[in-house]
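query-v3.txt (compact mmCIF, C-alpha atoms) appears below.
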```
# COMPACT_ATOMS: atom_id res chain seq x y z
CA MET T 1 21.08 4.18 12.04
CA GLN T 2 23.42 2.90 9.43
CA SER T 3 21.99 1.72 6.15
CA LYS T 4 25.14 -0.21 5.19
CA GLY T 5 24.43 -3.92 5.08
CA LYS T 6 20.66 -3.51 5.41
CA THR T 7 18.20 -5.14 3.06
CA ARG T 8 15.84 -2.99 1.00
CA ALA T 9 12.99 -3.91 3.35
CA GLN T 10 15.04 -2.97 6.43
CA ARG T 11 15.93 0.41 4.89
CA ALA T 12 12.26 0.99 4.02
CA VAL T 13 11.16 0.12 7.58
CA VAL T 14 13.75 2.47 9.10
CA THR T 15 12.72 5.28 6.72
CA ALA T 16 9.01 4.80 7.50
CA LEU T 17 9.65 4.66 11.26
CA THR T 18 11.65 7.87 11.06
CA GLN T 19 8.42 9.57 9.98
CA LEU T 20 5.92 7.55 12.06
CA ARG T 21 8.04 7.26 15.25
CA ASN T 22 6.27 4.01 16.17
CA ALA T 23 3.92 1.77 14.23
CA THR T 24 2.38 -1.64 13.81
CA PRO T 25 3.64 -3.88 10.99
CA MET T 26 0.51 -3.12 8.96
CA GLU T 27 0.94 0.65 9.43
CA LEU T 28 4.53 0.28 8.22
CA PHE T 29 3.45 -1.87 5.28
CA ASP T 30 0.89 0.77 4.26
CA ALA T 31 3.34 3.66 4.68
CA ILE T 32 6.11 1.94 2.73
CA ASN T 33 3.86 0.94 -0.16
CA SER T 34 1.97 4.24 -0.34
CA VAL T 35 5.04 6.03 -1.69
CA SER T 36 4.59 6.12 -5.46
CA SER T 37 8.32 5.91 -6.16
CA ALA T 38 8.81 2.85 -3.92
CA ARG T 39 8.84 -0.67 -5.26
CA HIS T 40 6.34 -2.91 -3.51
CA ILE T 41 7.58 -4.60 -0.33
CA GLY T 42 5.50 -7.52 0.92
CA LEU T 43 4.11 -7.80 4.43
CA THR T 44 6.27 -10.88 5.08
CA SER T 45 9.36 -8.84 4.21
CA VAL T 46 8.24 -6.10 6.62
CA TYR T 47 7.92 -8.68 9.42
CA ARG T 48 11.34 -10.18 8.60
CA ALA T 49 12.91 -6.73 8.57
CA LEU T 50 11.29 -5.85 11.90
CA ASN T 51 12.46 -9.08 13.53
CA SER T 52 15.99 -8.57 12.26
CA LEU T 53 16.10 -4.93 13.42
CA VAL T 54 14.78 -5.93 16.87
CA GLU T 55 17.40 -8.69 17.14
CA SER T 56 20.15 -6.21 16.22
CA GLY T 57 18.91 -3.85 18.94
CA GLU T 58 18.06 -1.01 16.58
CA LEU T 59 14.30 -1.32 17.16
CA ARG T 60 12.14 -2.12 20.17
CA ARG T 61 8.96 -4.22 20.08
CA GLU T 62 6.07 -3.32 22.40
CA ARG T 63 3.31 -5.91 22.63
CA LEU T 64 -0.17 -4.40 22.77
CA ASN T 65 -2.00 -7.71 23.00
CA ASP T 66 -1.65 -11.30 21.82
CA THR T 67 -1.75 -10.35 18.15
CA THR T 68 -0.60 -6.72 17.91
CA ALA T 69 2.78 -5.13 18.50
CA ARG T 70 4.16 -1.66 17.86
CA TYR T 71 7.74 -0.98 16.86
CA GLY T 72 9.93 2.04 17.47
CA PHE T 73 13.58 2.96 17.68
CA ASN T 74 15.46 1.61 20.66
CA ASP T 75 16.44 4.83 22.39
CA GLY T 76 18.22 3.14 25.30
CA GLN T 77 15.57 4.23 27.78
CA GLU T 78 13.84 1.78 30.11
CA ALA T 79 11.52 -0.17 27.83
CA HIS T 80 7.94 0.23 28.87
CA SER T 81 4.83 1.67 27.35
CA HIS T 82 1.32 2.67 28.30
CA HIS T 83 -1.57 2.60 25.84
CA LEU T 84 -5.34 2.88 25.54
CA VAL T 85 -6.43 0.37 22.89
CA CYS T 86 -9.85 0.37 21.22
CA VAL T 87 -11.03 -3.23 20.81
CA ARG T 88 -13.27 -2.32 17.90
CA CYS T 89 -11.12 -0.18 15.56
CA ASN T 90 -7.71 -0.94 17.16
CA ASP T 91 -6.96 2.79 17.55
CA THR T 92 -4.15 3.17 20.07
CA LYS T 93 -3.32 6.21 22.16
CA VAL T 94 -0.20 6.61 24.27
CA VAL T 95 -0.75 7.35 27.97
CA SER T 96 1.84 9.96 28.87
CA GLU T 97 2.26 9.10 32.55
CA CYS T 98 3.17 5.73 34.02
CA PRO T 99 0.29 4.53 36.24
CA PHE T 100 2.44 1.82 37.81
CA ASP T 101 4.93 2.39 40.64
CA THR T 102 7.54 -0.36 40.67
CA THR T 103 9.03 0.71 44.02
CA GLU T 104 6.37 -1.06 46.08
CA LEU T 105 6.70 -4.21 43.98
CA THR T 106 10.46 -4.21 44.49
CA LEU T 107 10.14 -3.81 48.26
CA LYS T 108 7.19 -6.16 48.92
CA GLU T 109 8.01 -8.94 46.48
CA ASN T 110 11.81 -8.68 46.43
CA PHE T 111 11.62 -8.43 42.66
CA THR T 112 13.27 -5.84 40.43
CA PRO T 113 11.22 -5.13 37.30
CA LEU T 114 13.27 -4.37 34.19
CA TYR T 115 10.42 -3.19 31.98
CA HIS T 116 6.66 -3.36 31.67
CA ASN T 117 3.80 -2.65 29.30
CA PHE T 118 0.47 -1.35 30.43
CA GLN T 119 -2.64 -1.38 28.24
CA ILE T 120 -6.25 -0.58 28.94
CA PHE T 121 -8.67 -2.10 26.43
CA GLY T 122 -12.01 -0.47 25.73
CA LEU T 123 -13.85 1.61 23.14
CA CYS T 124 -12.61 4.91 21.77
CA CYS T 125 -14.97 7.90 21.41
CA SER T 126 -15.50 7.14 17.70
CA CYS T 127 -16.66 3.59 18.44
CA GLU T 128 -18.63 4.45 21.61
CA PRO T 129 -19.74 8.06 21.17
CA ARG T 130 -21.66 8.44 24.45
CA GLN T 131 -20.24 10.95 26.89
CA VAL T 132 -18.58 9.87 30.12
CA GLY T 133 -20.81 10.41 33.13
CA VAL T 134 -24.05 10.41 31.12
CA SER T 135 -26.51 7.64 31.96
```
Starting from the file, lay out its structure as structure tokens.
Amino acid sequence: MQSKGKTRAQRAVVTALTQLRNATPMELFDAINSVSSARHIGLTSVYRALNSLVESGELRRERLNDTTARYGFNDGQEAHSHHLVCVRCNDTKVVSECPFDTTELTLKENFTPLYHNFQIFGLCCSCEPRQVGVS
């Protein structure tokens, strides 16, 4: 991750992502502007920096829904993600195992998937505190 030629906003985004690993634009905005020694960087500048870093291939964008995306470093791995997303508080948890087997799709549909995203939308335990299996 070279900083040469990067704007101040791009450098701030890269620095924040180094600590957060992946984040939404608003999480990055909050992290960047919470540092007391940092000069304020506007949300529009964060979005511009993210778009530029995605276009350069340094970052990867993962869409969570129509309005939310998470960003992380492009590690060269197959790009896909799996998340549980709370529709009330927007808390997002990563699902560690891929629930989707692309082999059958490739064989049955004669289609080779390059990447995929998988999200389950619901309520987290903080927003819906009832226990699973309890009527």
Separation of atom CA of Val46 of chain T from atom CA of Ala9 of chain T, in Å and rounded to one decimal: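 It comes out at 6.2 Å.
The shortest atom-to-atom distance to Val14 of chain T, with all atoms listed in the file taken into account, belongs to T:Leu50 out of T:Leu50, T:Leu107, T:Ile41, T:Cys125.
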Selection as an MDAnalysis selection string: residues within 12 Å of (-7.2, -2.3, 24.6), counting only C-alpha atoms: chainID T and resid 63:68 82:94 117:124
Residue with smallest distance to Ala49 of chain T - pool T:Thr112, T:Ser126, T:Thr7, T:Thr102, counting all atoms listed in the file: T:Thr7
Point-to-point distance from atom CA of Pro113 of chain T to atom CA of Leu53 of chain T, Å rounded to tenths: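 Atom CA of Pro113 of chain T sits 24.4 Å away from atom CA of Leu53 of chain T.
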Between atom CA of Ser45 of chain T and atom CA of Phe29 of chain T, distance in Å (one decimal): 9.2 Å
